[in-house]
file coords.cif (mmCIF, C-alpha atoms)
data_final
#
loop_
_atom_site.label_atom_id
_atom_site.label_comp_id
_atom_site.auth_asym_id
_atom_site.auth_seq_id
_atom_site.Cartn_x
_atom_site.Cartn_y
_atom_site.Cartn_z
CA MET F 6 148.20 -29.36 -183.97
CA LYS F 7 151.96 -29.81 -184.08
CA ILE F 8 153.52 -33.16 -183.21
CA ALA F 9 157.25 -33.45 -182.50
CA PHE F 10 159.36 -36.58 -182.99
CA THR F 11 162.85 -37.39 -181.75
CA ALA F 12 164.52 -38.90 -184.81
CA THR F 13 167.87 -40.21 -186.00
CA GLY F 14 167.43 -38.58 -189.43
CA PRO F 15 165.47 -35.83 -191.22
CA LYS F 16 162.88 -37.96 -193.06
CA TRP F 17 159.57 -39.75 -192.55
CA SER F 18 161.54 -42.96 -193.12
CA SER F 19 164.11 -42.09 -190.41
CA ARG F 20 164.07 -44.10 -187.20
CA ILE F 21 162.83 -42.60 -183.94
CA ASP F 22 165.78 -41.64 -181.74
CA PRO F 23 165.25 -43.47 -178.44
CA ARG F 24 167.02 -40.64 -176.60
CA PHE F 25 165.14 -37.48 -175.70
CA GLY F 26 167.62 -34.74 -174.77
CA ARG F 27 170.38 -35.93 -177.06
CA THR F 28 168.20 -36.75 -180.05
CA GLU F 29 169.96 -36.03 -183.34
CA TYR F 30 166.93 -34.48 -185.03
CA LEU F 31 163.59 -33.10 -184.04
CA LEU F 32 160.90 -33.42 -186.70
CA ILE F 33 157.79 -31.26 -186.27
CA TYR F 34 154.68 -32.35 -188.14
CA ASP F 35 151.83 -29.86 -188.53
CA THR F 36 148.61 -31.87 -188.82
CA ASP F 37 146.76 -28.88 -190.36
CA SER F 38 149.20 -27.95 -193.13
CA GLU F 39 150.61 -31.51 -193.34
CA GLU F 40 154.09 -30.01 -193.38
CA LEU F 41 157.15 -31.68 -191.81
CA VAL F 42 159.76 -29.25 -190.44
CA VAL F 43 163.26 -30.54 -189.60
CA HIS F 44 165.37 -29.23 -186.69
CA ASP F 45 168.96 -30.46 -186.73
CA ASN F 46 169.78 -31.02 -183.04
CA ARG F 47 173.22 -32.60 -183.48
CA ASP F 48 174.98 -29.66 -181.79
CA ILE F 49 173.56 -31.02 -178.51
CA GLU F 50 176.60 -33.30 -178.46
CA ASN F 51 178.61 -30.29 -177.25
CA GLU F 52 176.46 -29.77 -174.17
CA ALA F 53 178.08 -31.35 -171.12
CA HIS F 54 174.98 -30.92 -168.98
CA GLY F 55 171.37 -29.90 -169.42
CA ALA F 56 170.71 -31.50 -172.81
CA GLY F 57 167.21 -32.48 -171.65
CA PRO F 58 166.00 -28.98 -170.70
CA LYS F 59 167.60 -27.54 -173.83
CA THR F 60 165.76 -29.94 -176.16
CA ALA F 61 162.56 -29.44 -174.15
CA LYS F 62 162.90 -25.70 -174.69
CA LEU F 63 163.36 -26.22 -178.43
CA ILE F 64 160.14 -28.23 -178.53
CA TYR F 65 158.35 -25.51 -176.57
CA ASP F 66 159.60 -22.89 -179.04
CA THR F 67 158.23 -24.86 -182.02
CA GLY F 68 154.77 -24.77 -180.47
CA ALA F 69 154.40 -28.55 -180.51
CA GLU F 70 151.73 -29.95 -178.20
CA VAL F 71 152.86 -33.56 -178.40
CA ILE F 72 156.31 -35.19 -178.39
CA ILE F 73 156.74 -38.76 -179.60
CA THR F 74 159.96 -40.41 -178.47
CA GLY F 75 161.56 -43.67 -177.33
CA ASN F 76 162.74 -44.03 -173.77
CA GLY F 77 161.17 -40.83 -172.50
CA PRO F 78 162.68 -37.68 -171.00
CA GLY F 79 164.70 -37.45 -167.83
CA GLU F 80 163.47 -35.65 -164.76
CA ASN F 81 164.66 -32.16 -165.75
CA ALA F 82 163.21 -32.29 -169.26
CA ALA F 83 159.98 -33.87 -168.03
CA LEU F 84 159.49 -30.95 -165.65
CA ALA F 85 159.96 -28.40 -168.46
CA LEU F 86 157.62 -30.27 -170.82
CA GLU F 87 155.00 -30.59 -168.10
CA LYS F 88 155.18 -26.87 -167.31
CA ALA F 89 155.01 -26.09 -171.03
CA GLY F 90 151.93 -28.30 -171.37
CA VAL F 91 153.52 -30.69 -173.88
CA ARG F 92 152.15 -34.25 -173.79
CA ILE F 93 154.78 -37.00 -174.03
CA TYR F 94 154.33 -40.38 -175.73
CA THR F 95 157.01 -43.06 -175.44
CA GLY F 96 157.84 -46.53 -176.74
CA ALA F 97 158.26 -45.60 -180.41
CA ASP F 98 161.97 -46.40 -180.42
CA ARG F 99 161.87 -49.29 -182.91
CA MET F 100 159.64 -47.43 -185.39
CA LYS F 101 160.21 -45.14 -188.32
CA VAL F 102 158.77 -41.65 -187.90
CA LYS F 103 155.89 -42.47 -190.26
CA GLU F 104 155.06 -45.63 -188.30
CA ALA F 105 155.27 -43.74 -185.03
CA LEU F 106 152.67 -41.23 -186.27
CA GLU F 107 150.35 -44.08 -187.26
CA ALA F 108 150.85 -45.74 -183.87
CA PHE F 109 150.05 -42.43 -182.18
CA ASN F 110 146.90 -41.95 -184.28
CA ASN F 111 145.83 -45.52 -183.42
CA LYS F 112 146.44 -44.75 -179.71
CA GLN F 113 149.09 -47.48 -179.50
CA LEU F 114 151.71 -45.31 -177.75
CA LYS F 115 151.94 -44.91 -174.02
CA GLU F 116 151.52 -41.47 -172.48
CA PHE F 117 154.47 -40.67 -170.21
CA LYS F 118 153.69 -39.48 -166.71
CA LYS F 119 156.29 -38.38 -164.21
CA MET N 15 203.01 -28.15 -148.28
CA LYS N 16 199.93 -29.56 -149.97
CA ILE N 17 199.99 -33.15 -151.19
CA ALA N 18 197.05 -34.42 -153.24
CA ILE N 19 196.61 -38.16 -153.40
CA ALA N 20 194.67 -39.04 -156.52
CA SER N 21 194.16 -41.86 -159.01
CA GLY N 22 192.26 -42.52 -162.17
CA LYS N 23 190.94 -45.83 -160.95
CA GLY N 24 188.90 -46.20 -157.79
CA GLY N 25 190.03 -48.65 -155.15
CA THR N 26 193.77 -48.38 -155.79
CA GLY N 27 194.58 -47.29 -152.25
CA LYS N 28 194.17 -43.50 -152.06
CA THR N 29 192.57 -43.60 -148.64
CA THR N 30 194.97 -46.26 -147.35
CA LEU N 31 197.90 -44.10 -148.36
CA ALA N 32 196.39 -40.77 -147.27
CA THR N 33 195.38 -41.91 -143.78
CA ASN N 34 198.56 -43.87 -143.08
CA LEU N 35 200.82 -41.15 -144.44
CA ALA N 36 199.01 -38.57 -142.31
CA ALA N 37 199.41 -40.60 -139.12
CA TYR N 38 203.01 -41.54 -139.99
CA LEU N 39 204.06 -37.92 -140.59
CA SER N 40 202.17 -36.59 -137.55
CA ASP N 41 204.83 -37.72 -135.09
CA LYS N 42 206.88 -34.66 -136.03
CA ARG N 43 204.65 -32.32 -137.99
CA ASP N 44 201.28 -30.61 -137.84
CA ILE N 45 199.09 -32.50 -140.31
CA ILE N 46 195.83 -31.61 -141.97
CA LEU N 47 194.24 -34.63 -143.59
CA ALA N 48 191.23 -33.77 -145.74
CA ASP N 49 188.82 -36.16 -147.37
CA LEU N 50 187.72 -34.41 -150.56
CA ASP N 51 185.77 -37.38 -151.86
CA VAL N 52 182.67 -35.57 -150.61
CA GLU N 53 180.25 -37.97 -152.29
CA GLU N 54 181.44 -40.79 -150.09
CA PRO N 55 184.17 -39.79 -147.70
CA ASN N 56 185.71 -42.70 -145.81
CA SER N 57 189.06 -41.50 -144.45
CA GLY N 58 187.24 -40.79 -141.20
CA LEU N 59 186.87 -44.52 -140.58
CA PHE N 60 190.60 -44.66 -139.87
CA ILE N 61 191.09 -41.52 -137.81
CA ARG N 62 190.26 -41.44 -134.10
CA ALA N 63 189.74 -37.80 -133.23
CA GLY N 64 187.21 -35.53 -131.58
CA LYS N 65 185.06 -33.07 -133.48
CA ILE N 66 186.04 -29.47 -132.83
CA PHE N 67 184.06 -27.69 -135.55
CA GLU N 68 181.09 -28.27 -137.81
CA GLU N 69 179.51 -26.03 -140.42
CA ILE N 70 176.68 -26.33 -142.93
CA LYS N 71 177.84 -25.35 -146.43
CA TYR N 72 175.72 -23.57 -148.98
CA LYS N 73 175.91 -22.77 -152.65
CA MET N 74 174.23 -19.81 -154.31
CA ILE N 75 171.49 -20.31 -156.87
CA PRO N 76 169.05 -17.83 -158.43
CA GLY N 77 165.48 -17.70 -157.16
CA TRP N 78 162.86 -16.41 -159.55
CA VAL N 79 160.66 -13.48 -158.46
CA GLU N 80 157.60 -13.74 -160.67
CA GLU N 81 156.23 -10.23 -160.00
CA ASP N 82 159.39 -8.52 -161.27
CA CYS N 83 159.92 -10.66 -164.40
CA THR N 84 159.20 -9.46 -167.93
CA PHE N 85 160.19 -12.76 -169.61
CA CYS N 86 162.80 -11.00 -171.73
CA GLY N 87 164.82 -14.23 -171.82
CA ILE N 88 168.26 -12.72 -171.10
CA CYS N 89 168.74 -15.12 -168.17
CA GLN N 90 168.25 -18.14 -170.39
CA ASN N 91 170.53 -16.80 -173.09
CA VAL N 92 173.44 -16.00 -170.78
CA CYS N 93 173.32 -19.33 -168.96
CA ASN N 94 176.04 -21.67 -170.23
CA PHE N 95 174.64 -24.64 -168.36
CA ASN N 96 171.00 -24.84 -169.50
CA ALA N 97 170.04 -24.20 -165.90
CA ILE N 98 167.37 -21.62 -166.75
CA LEU N 99 164.43 -21.99 -169.12
CA ASN N 100 162.12 -19.19 -170.17
CA LEU N 101 158.72 -20.71 -170.89
CA GLY N 102 157.07 -17.38 -171.69
CA ASN N 103 154.89 -17.34 -168.60
CA GLN N 104 157.31 -18.85 -166.14
CA ILE N 105 161.04 -19.20 -165.56
CA LEU N 106 162.35 -22.63 -164.59
CA VAL N 107 165.55 -22.79 -162.56
CA TYR N 108 167.41 -26.12 -162.31
CA PRO N 109 169.53 -25.87 -159.16
CA GLU N 110 171.46 -29.04 -160.03
CA LEU N 111 172.58 -27.62 -163.36
CA CYS N 112 173.44 -24.18 -161.94
CA HIS N 113 177.16 -23.44 -161.50
CA SER N 114 176.58 -20.33 -159.32
CA CYS N 115 178.16 -18.00 -161.89
CA TYR N 116 175.67 -15.18 -161.10
CA ALA N 117 175.36 -14.21 -164.81
CA CYS N 118 171.55 -14.48 -164.91
CA SER N 119 171.18 -12.71 -161.60
CA GLU N 120 173.57 -9.86 -162.45
CA LEU N 121 172.33 -9.35 -166.01
CA CYS N 122 168.59 -9.48 -165.29
CA PRO N 123 167.43 -5.92 -166.02
CA LYS N 124 164.65 -6.22 -163.44
CA GLY N 125 166.61 -7.94 -160.68
CA ALA N 126 164.10 -10.78 -160.81
CA LEU N 127 166.67 -13.50 -160.12
CA PRO N 128 168.28 -12.70 -156.76
CA MET N 129 170.81 -15.32 -155.62
CA LYS N 130 169.82 -17.33 -152.57
CA HIS N 131 171.47 -19.92 -150.36
CA GLN N 132 170.96 -23.59 -151.01
CA ARG N 133 172.32 -26.14 -148.56
CA MET N 134 174.68 -28.66 -150.16
CA GLY N 135 176.43 -30.44 -147.30
CA VAL N 136 178.28 -30.36 -144.00
CA LEU N 137 181.95 -29.77 -143.22
CA SER N 138 183.46 -31.27 -140.06
CA HIS N 139 186.85 -30.70 -138.44
CA TYR N 140 188.29 -33.26 -136.00
CA ARG N 141 191.50 -33.04 -134.03
CA ASN N 142 193.76 -35.47 -132.19
CA GLY N 143 197.26 -34.28 -131.26
CA ASN N 144 199.07 -33.21 -134.40
CA ILE N 145 196.37 -34.56 -136.71
CA ASN N 146 193.63 -32.34 -138.00
CA PHE N 147 191.06 -34.22 -140.01
CA VAL N 148 188.63 -32.29 -142.21
CA GLU N 149 185.84 -33.92 -144.19
CA SER N 150 182.77 -32.75 -146.03
CA HIS N 151 179.65 -34.75 -146.77
CA LEU N 152 177.55 -33.84 -149.77
CA ASP N 153 173.83 -34.07 -148.93
CA ILE N 154 171.81 -36.86 -150.50
CA GLY N 155 170.24 -35.59 -153.72
CA GLN N 156 172.97 -33.03 -154.42
CA GLU N 157 174.71 -33.69 -157.72
CA GLN N 158 177.59 -31.23 -157.76
CA SER N 159 180.59 -31.95 -155.60
CA VAL N 160 182.91 -29.22 -156.93
CA PRO N 161 181.45 -26.27 -154.95
CA LEU N 162 181.71 -28.26 -151.70
CA ILE N 163 185.28 -29.34 -152.49
CA GLU N 164 186.13 -25.70 -153.22
CA GLN N 165 184.71 -24.52 -149.88
CA THR N 166 186.45 -27.33 -148.03
CA LEU N 167 189.79 -26.27 -149.53
CA LYS N 168 189.05 -22.69 -148.49
CA TYR N 169 188.47 -23.86 -144.93
CA ILE N 170 191.75 -25.81 -144.97
CA ASP N 171 193.60 -22.67 -146.08
CA SER N 172 192.09 -20.83 -143.12
CA ILE N 173 193.43 -23.36 -140.56
CA CYS N 174 196.72 -24.14 -142.32
CA ARG N 175 199.97 -23.07 -140.64
CA LYS N 176 203.15 -22.33 -142.51
CA ASP N 177 204.75 -25.63 -141.53
CA SER N 178 201.62 -27.78 -141.84
CA ILE N 179 201.54 -30.69 -144.21
CA VAL N 180 198.18 -30.93 -145.93
CA ILE N 181 197.20 -34.32 -147.34
CA LEU N 182 194.24 -34.25 -149.70
CA ASP N 183 192.48 -37.58 -150.22
CA SER N 184 191.00 -36.81 -153.64
CA PRO N 185 187.98 -38.29 -155.38
CA PRO N 186 188.66 -40.97 -158.02
CA GLY N 187 188.35 -40.40 -161.75
CA THR N 188 189.61 -37.62 -163.98
CA SER N 189 186.72 -35.14 -164.08
CA CYS N 190 186.02 -31.74 -162.46
CA PRO N 191 186.06 -32.94 -158.81
CA VAL N 192 189.60 -34.34 -159.22
CA ILE N 193 190.80 -31.20 -160.96
CA GLU N 194 189.35 -29.05 -158.17
CA ALA N 195 191.01 -31.27 -155.54
CA THR N 196 194.46 -31.27 -157.17
CA LYS N 197 194.77 -27.88 -158.83
CA ASP N 198 196.39 -26.05 -155.89
CA ALA N 199 198.50 -28.96 -154.65
CA ASP N 200 202.29 -28.62 -154.44
CA MET N 201 202.65 -32.32 -155.12
CA VAL N 202 200.31 -34.86 -156.70
CA ILE N 203 200.72 -38.54 -155.97
CA LEU N 204 198.86 -40.82 -158.37
CA VAL N 205 198.20 -44.19 -156.75
CA THR N 206 197.82 -47.11 -159.11
CA GLU N 207 198.02 -50.87 -159.14
CA PRO N 208 200.03 -53.07 -161.54
CA THR N 209 197.02 -54.40 -163.46
CA PRO N 210 195.60 -53.65 -166.91
CA PHE N 211 192.81 -51.60 -165.30
CA GLY N 212 195.31 -49.77 -163.14
CA LEU N 213 197.43 -48.91 -166.17
CA HIS N 214 194.48 -47.86 -168.29
CA ASP N 215 193.19 -45.41 -165.70
CA LEU N 216 196.68 -44.25 -164.73
CA LYS N 217 197.15 -43.13 -168.33
CA LEU N 218 193.93 -41.10 -168.11
CA ALA N 219 195.04 -39.54 -164.83
CA VAL N 220 198.47 -38.72 -166.30
CA GLU N 221 196.79 -37.08 -169.29
CA THR N 222 194.61 -35.03 -166.93
CA MET N 223 197.61 -33.83 -164.89
CA MET N 224 199.55 -32.95 -168.06
CA THR N 225 196.56 -31.00 -169.38
CA ILE N 226 196.26 -28.90 -166.23
CA GLY N 227 200.06 -28.58 -166.10
CA LYS N 228 200.56 -30.31 -162.77
CA ASP N 229 203.69 -32.24 -161.82
CA PHE N 230 203.02 -35.65 -160.37
CA VAL N 231 204.67 -38.81 -159.15
CA VAL N 232 203.36 -42.36 -158.95
CA VAL N 233 202.97 -44.86 -156.14
CA VAL N 234 202.31 -48.45 -157.20
CA ASN N 235 200.14 -50.22 -154.65
CA ARG N 236 199.69 -54.02 -154.36
CA TYR N 237 203.08 -54.42 -155.94
CA GLY N 238 203.81 -58.03 -156.89
CA THR N 239 200.36 -58.72 -158.32
CA GLY N 240 199.48 -58.24 -162.00
CA ASN N 241 202.30 -57.54 -164.42
CA ALA N 242 205.13 -55.10 -165.16
CA ASP N 243 203.24 -52.93 -167.66
CA VAL N 244 202.74 -50.01 -165.26
CA GLU N 245 206.46 -49.88 -164.51
CA GLU N 246 207.34 -50.08 -168.19
CA TYR N 247 204.85 -47.34 -169.03
CA CYS N 248 206.28 -45.06 -166.32
CA ARG N 249 209.87 -45.76 -167.39
CA GLY N 250 209.02 -45.12 -171.04
CA ASN N 251 207.36 -41.79 -170.22
CA ASN N 252 209.86 -40.55 -167.63
CA ILE N 253 207.31 -40.75 -164.84
CA ARG N 254 208.83 -41.16 -161.41
CA ILE N 255 207.61 -44.03 -159.24
CA ILE N 256 208.47 -42.92 -155.71
CA ALA N 257 207.40 -46.13 -154.00
CA SER N 258 205.94 -49.56 -154.64
CA ILE N 259 203.87 -50.87 -151.75
CA PRO N 260 204.05 -54.69 -151.63
CA ASP N 261 200.76 -56.56 -151.92
CA SER N 262 199.78 -57.67 -148.43
CA ARG N 263 196.78 -59.53 -147.09
CA GLN N 264 197.51 -58.16 -143.62
CA VAL N 265 197.19 -54.56 -144.85
CA ALA N 266 193.84 -55.44 -146.41
CA GLU N 267 192.67 -57.09 -143.19
CA LEU N 268 193.65 -54.07 -141.13
CA TYR N 269 191.86 -51.80 -143.62
CA SER N 270 188.72 -53.91 -143.37
CA ARG N 271 188.72 -53.31 -139.60
CA GLY N 272 189.30 -49.56 -139.96
CA GLU N 273 192.86 -49.79 -138.65
CA LEU N 274 196.05 -48.16 -139.88
CA ALA N 275 198.91 -50.34 -141.11
CA TYR N 276 201.99 -48.10 -140.94
CA ASP N 277 202.74 -48.94 -137.31
CA LYS N 278 202.10 -52.68 -137.71
CA ILE N 279 203.49 -53.81 -141.08
CA ASP N 280 207.22 -53.22 -141.66
CA ASP N 281 207.09 -53.44 -145.48
CA PHE N 282 204.32 -50.90 -145.56
CA ARG N 283 206.19 -48.55 -143.26
CA ARG N 284 209.30 -48.79 -145.44
CA SER N 285 207.23 -47.69 -148.43
CA LEU N 286 206.09 -44.66 -146.44
CA ASP N 287 209.76 -43.91 -145.63
CA ARG N 288 210.44 -43.66 -149.36
CA ILE N 289 207.37 -41.50 -149.96
CA LYS N 290 208.44 -39.18 -147.14
CA GLU N 291 211.89 -38.84 -148.72
CA ALA N 292 210.23 -37.74 -151.95
CA ILE N 293 208.31 -34.93 -150.26
CA PRO N 294 210.28 -31.67 -150.71
CA GLY N 295 211.59 -30.32 -147.40
CA ASN N 296 211.52 -33.70 -145.63
#
call {"tool": "encode", "arguments": {"input": "coords.cif", "output": "structure tokens"}}
result
Amino acid sequence: MKIAFTATGPKWSSRIDPRFGRTEYLLIYDTDSEELVVHDNRDIENEAHGAGPKTAKLIYDTGAEVIITGNGPGENAALALEKAGVRIYTGADRMKVKEALEAFNNKQLKEFKK
Amino acid sequence: MKIAIASGKGGTGKTTLATNLAAYLSDKRDIILADLDVEEPNSGLFIRAGKIFEEIKYKMIPGWVEEDCTFCGICQNVCNFNAILNLGNQILVYPELCHSCYACSELCPKGALPMKHQRMGVLSHYRNGNINFVESHLDIGQEQSVPLIEQTLKYIDSICRKDSIVILDSPPGTSCPVIEATKDADMVILVTEPTPFGLHDLKLAVETMMTIGKDFVVVVNRYGTGNADVEEYCRGNNIRIIASIPDSRQVAELYSRGELAYDKIDDFRRSLDRIKEAIPGN
């Protein structure tokens, strides 16, 4: 299974980015291969509108089934993630990516419902 | 003659000036006063006139036809506004992000995204003697005011006579709605107040007008309050202040009751005299 994280940097030690659509990085962890793939999302700054759907689409394209983030997506992004069957977990905004994964595994994160 | 009344800052007196100027000029001229602040129009509170026309306004957005779609993804790739997502087995259209450019619809090889009407608001036209008052209300839940402002301006062009004076009460701020409301104006009046906030937002409005290459003049409202920084800024940048409207509690009281001030407060009327003199052809 692939798990996506919104992050402020490209490493396991980077902090979770509390923002969804305008997250600086997306980190995709493959639980089978134990590989961490980094997507630099900083170009999103140039999008005046629709950052949420655009980031949601990127997550869909990576094949991730779970997204771990801070504040949670807005309405537009939530719709896309729901349609794409991606589960959303929020409240990881004060954690490092590594800690957020542990919290997810220990079922400490809240599942986001529209 | 189209005069747009704009400001960076909200609450500086755009509506006060627009409504009073319209009534003041209507003794001799055919006037069209339009409230382009379609998110919350309020000029109508000051104008007593009967409705002569009403029309529902629509914008065009693509509607997805599942049976015809091959999920090629061209629609998503040509959209500059992230309004279309291709999720492989379905296409998501975000009407609030769509700018009605037709690119997805025109470039879809299967014609699976025909454009369809979506209601965005209502335009109303009122008339009393020489005053025509046009306002549009954006529906609750609609996020884009520019298409409705655009259609309202089109309607104004259709009723405008050669000798009409059009007064456009513009939305506040410096973003797309203001640019849409001012871009075809012959004259832009930026209303400000002599306060630090007034100056800060006046500078933004000036920058906006310079960027779109629009000439403008300034009216200072509530003159006598605050400080002289706005005047100094205008002098230093060769910006013409055509009138300074003295601060007046009576004007504010009249406003709070939905009444016009030009025919009741002499100082206020004298300011309108000076504004009238600054309008070309008057």
call {"tool": "resolve_selection", "arguments": {"input": "coords.cif", "expression": "the PyMOL selection byres ((chain N) within 8 of (chain F))", "output": "list of chain:residue names"}}
result
N:Phe95, N:Asn96, N:Ala97, N:Leu99, N:Asn100, N:Leu101, N:Leu106, N:Tyr108, N:Leu111
call {"tool": "atom_distance", "arguments": {"input": "coords.cif", "atom1": "atom CA of F:Gly14", "atom2": "atom CA of F:Met100"}}
result
12.5 Å
call {"tool": "resolve_selection", "arguments": {"input": "coords.cif", "expression": "the PyMOL selection byres ((chain F and resi 46-50) around 7)", "output": "PDB file with C-alpha atoms, in the coordinates of the input"}}
result
ATOM      1  CA  ARG F  27     170.380 -35.930-177.060  1.00  0.00           C
ATOM      2  CA  THR F  28     168.200 -36.750-180.050  1.00  0.00           C
ATOM      3  CA  GLU F  29     169.960 -36.030-183.340  1.00  0.00           C
ATOM      4  CA  TYR F  30     166.930 -34.480-185.030  1.00  0.00           C
ATOM      5  CA  LEU F  31     163.590 -33.100-184.040  1.00  0.00           C
ATOM      6  CA  HIS F  44     165.370 -29.230-186.690  1.00  0.00           C
ATOM      7  CA  ASP F  45     168.960 -30.460-186.730  1.00  0.00           C
ATOM      8  CA  ASN F  51     178.610 -30.290-177.250  1.00  0.00           C
ATOM      9  CA  GLU F  52     176.460 -29.770-174.170  1.00  0.00           C
ATOM     10  CA  ALA F  56     170.710 -31.500-172.810  1.00  0.00           C
TER      11      ALA F  56
END
call {"tool": "resolve_selection", "arguments": {"input": "coords.cif", "expression": "the PyMOL selection byres ((chain F and resi 10) around 6)", "output": "number ranges by chain"}}
result
F: 9, 11-12, 31-32, 72-74
call {"tool": "atom_distance", "arguments": {"input": "coords.cif", "atom1": "atom CA of N:Pro191", "atom2": "atom CA of N:Val231"}}
result
19.5 Å
call {"tool": "closest_residue", "arguments": {"input": "coords.cif", "among": "N:Lys23, N:Lys71, N:Arg254, N:Arg263", "to": "N:Ile279", "atoms": "only C-alpha atoms"}}
result
N:Arg263
call {"tool": "residues_near_point", "arguments": {"input": "coords.cif", "point": "(169.2, -18.6, -159.3)", "cutoff": "7 Å", "atoms": "only C-alpha atoms", "output": "tab-separated table (two decimals) with C-alpha atoms, keeping the file's coordinate frame"}}
result
chain	number	residue	atom	x	y	z
N	75	ILE	CA	171.49	-20.31	-156.87
N	76	PRO	CA	169.05	-17.83	-158.43
N	77	GLY	CA	165.48	-17.70	-157.16
N	78	TRP	CA	162.86	-16.41	-159.55
N	107	VAL	CA	165.55	-22.79	-162.56
N	119	SER	CA	171.18	-12.71	-161.60
N	127	LEU	CA	166.67	-13.50	-160.12
N	128	PRO	CA	168.28	-12.70	-156.76
N	129	MET	CA	170.81	-15.32	-155.62
N	130	LYS	CA	169.82	-17.33	-152.57
call {"tool": "residues_around", "arguments": {"input": "coords.cif", "residues": "N:Leu162", "least_positions_apart": "2", "cutoff": "8 Å", "atoms": "all atoms listed in the file", "output": "ChimeraX atom specification"}}
result
/N:52,71,134-135,150,152,158-160,164-166
call {"tool": "atom_distance", "arguments": {"input": "coords.cif", "atom1": "atom CA of N:Asp261", "atom2": "atom CA of N:Leu50"}}
result
25.7 Å
call {"tool": "residues_around", "arguments": {"input": "coords.cif", "residues": "N:Arg288", "least_positions_apart": "5", "cutoff": "10 Å", "atoms": "only C-alpha atoms", "output": "count of residues only"}}
result
5
call {"tool": "closest_residue", "arguments": {"input": "coords.cif", "among": "N:Glu207, N:Asp171, N:Glu149, N:Asp200", "to": "N:Lys28", "atoms": "all atoms listed in the file"}}
result
N:Glu207
call {"tool": "closest_residue", "arguments": {"input": "coords.cif", "among": "N:Phe67, N:Phe85, N:Phe230, N:Tyr247", "to": "N:Asn146", "atoms": "all atoms listed in the file"}}
result
N:Phe67
call {"tool": "closest_residue", "arguments": {"input": "coords.cif", "among": "N:Glu194, N:Glu273, N:Asp280, N:Asp51", "to": "N:Gly24", "atoms": "all atoms listed in the file"}}
result
N:Asp51
call {"tool": "residues_around", "arguments": {"input": "coords.cif", "residues": "N:Arg62", "least_positions_apart": "4", "cutoff": "9 Å", "atoms": "only C-alpha atoms", "output": "list in words"}}
result
Gly58, Tyr140, Arg141 and Asn142 of chain N
call {"tool": "residues_around", "arguments": {"input": "coords.cif", "residues": "stretch 110-117 of chain F", "least_positions_apart": "4", "cutoff": "8 Å", "atoms": "all atoms listed in the file", "output": "list in words"}}
result
Gly77, Arg92, Ile93, Tyr94, Thr95, Gly96, Ala97 and Leu106 of chain F
call {"tool": "closest_residue", "arguments": {"input": "coords.cif", "among": "F:Glu40, F:Asp22, F:Asp35, F:Glu104", "to": "F:Asn76", "atoms": "all atoms listed in the file"}}
result
F:Asp22
call {"tool": "residues_near_point", "arguments": {"input": "coords.cif", "point": "(203.2, -32.4, -152.7)", "cutoff": "12 Å", "atoms": "only C-alpha atoms", "output": "PDB file with C-alpha atoms, in the coordinates of the input"}}
result
ATOM      1  CA  MET N  15     203.010 -28.150-148.280  1.00  0.00           C
ATOM      2  CA  LYS N  16     199.930 -29.560-149.970  1.00  0.00           C
ATOM      3  CA  ILE N  17     199.990 -33.150-151.190  1.00  0.00           C
ATOM      4  CA  ALA N  18     197.050 -34.420-153.240  1.00  0.00           C
ATOM      5  CA  ILE N  19     196.610 -38.160-153.400  1.00  0.00           C
ATOM      6  CA  ALA N  20     194.670 -39.040-156.520  1.00  0.00           C
ATOM      7  CA  SER N 178     201.620 -27.780-141.840  1.00  0.00           C
ATOM      8  CA  ILE N 179     201.540 -30.690-144.210  1.00  0.00           C
ATOM      9  CA  VAL N 180     198.180 -30.930-145.930  1.00  0.00           C
ATOM     10  CA  ILE N 181     197.200 -34.320-147.340  1.00  0.00           C
ATOM     11  CA  LEU N 182     194.240 -34.250-149.700  1.00  0.00           C
ATOM     12  CA  THR N 196     194.460 -31.270-157.170  1.00  0.00           C
ATOM     13  CA  LYS N 197     194.770 -27.880-158.830  1.00  0.00           C
ATOM     14  CA  ASP N 198     196.390 -26.050-155.890  1.00  0.00           C
ATOM     15  CA  ALA N 199     198.500 -28.960-154.650  1.00  0.00           C
ATOM     16  CA  ASP N 200     202.290 -28.620-154.440  1.00  0.00           C
ATOM     17  CA  MET N 201     202.650 -32.320-155.120  1.00  0.00           C
ATOM     18  CA  VAL N 202     200.310 -34.860-156.700  1.00  0.00           C
ATOM     19  CA  ILE N 203     200.720 -38.540-155.970  1.00  0.00           C
ATOM     20  CA  LEU N 204     198.860 -40.820-158.370  1.00  0.00           C
ATOM     21  CA  LYS N 228     200.560 -30.310-162.770  1.00  0.00           C
ATOM     22  CA  ASP N 229     203.690 -32.240-161.820  1.00  0.00           C
ATOM     23  CA  PHE N 230     203.020 -35.650-160.370  1.00  0.00           C
ATOM     24  CA  VAL N 231     204.670 -38.810-159.150  1.00  0.00           C
ATOM     25  CA  VAL N 232     203.360 -42.360-158.950  1.00  0.00           C
ATOM     26  CA  ILE N 289     207.370 -41.500-149.960  1.00  0.00           C
ATOM     27  CA  LYS N 290     208.440 -39.180-147.140  1.00  0.00           C
ATOM     28  CA  GLU N 291     211.890 -38.840-148.720  1.00  0.00           C
ATOM     29  CA  ALA N 292     210.230 -37.740-151.950  1.00  0.00           C
ATOM     30  CA  ILE N 293     208.310 -34.930-150.260  1.00  0.00           C
ATOM     31  CA  PRO N 294     210.280 -31.670-150.710  1.00  0.00           C
ATOM     32  CA  GLY N 295     211.590 -30.320-147.400  1.00  0.00           C
ATOM     33  CA  ASN N 296     211.520 -33.700-145.630  1.00  0.00           C
TER      34      ASN N 296
END
call {"tool": "residues_around", "arguments": {"input": "coords.cif", "residues": "N:Gly272", "least_positions_apart": "3", "cutoff": "12 Å", "atoms": "all atoms listed in the file", "output": "list in words"}}
result
Thr29, Thr30, Thr33, Asn34, Asn56, Ser57, Gly58, Leu59, Phe60, Ile61, Arg62, Val265, Ala266, Glu267, Leu268, Tyr269 and Ala275 of chain N
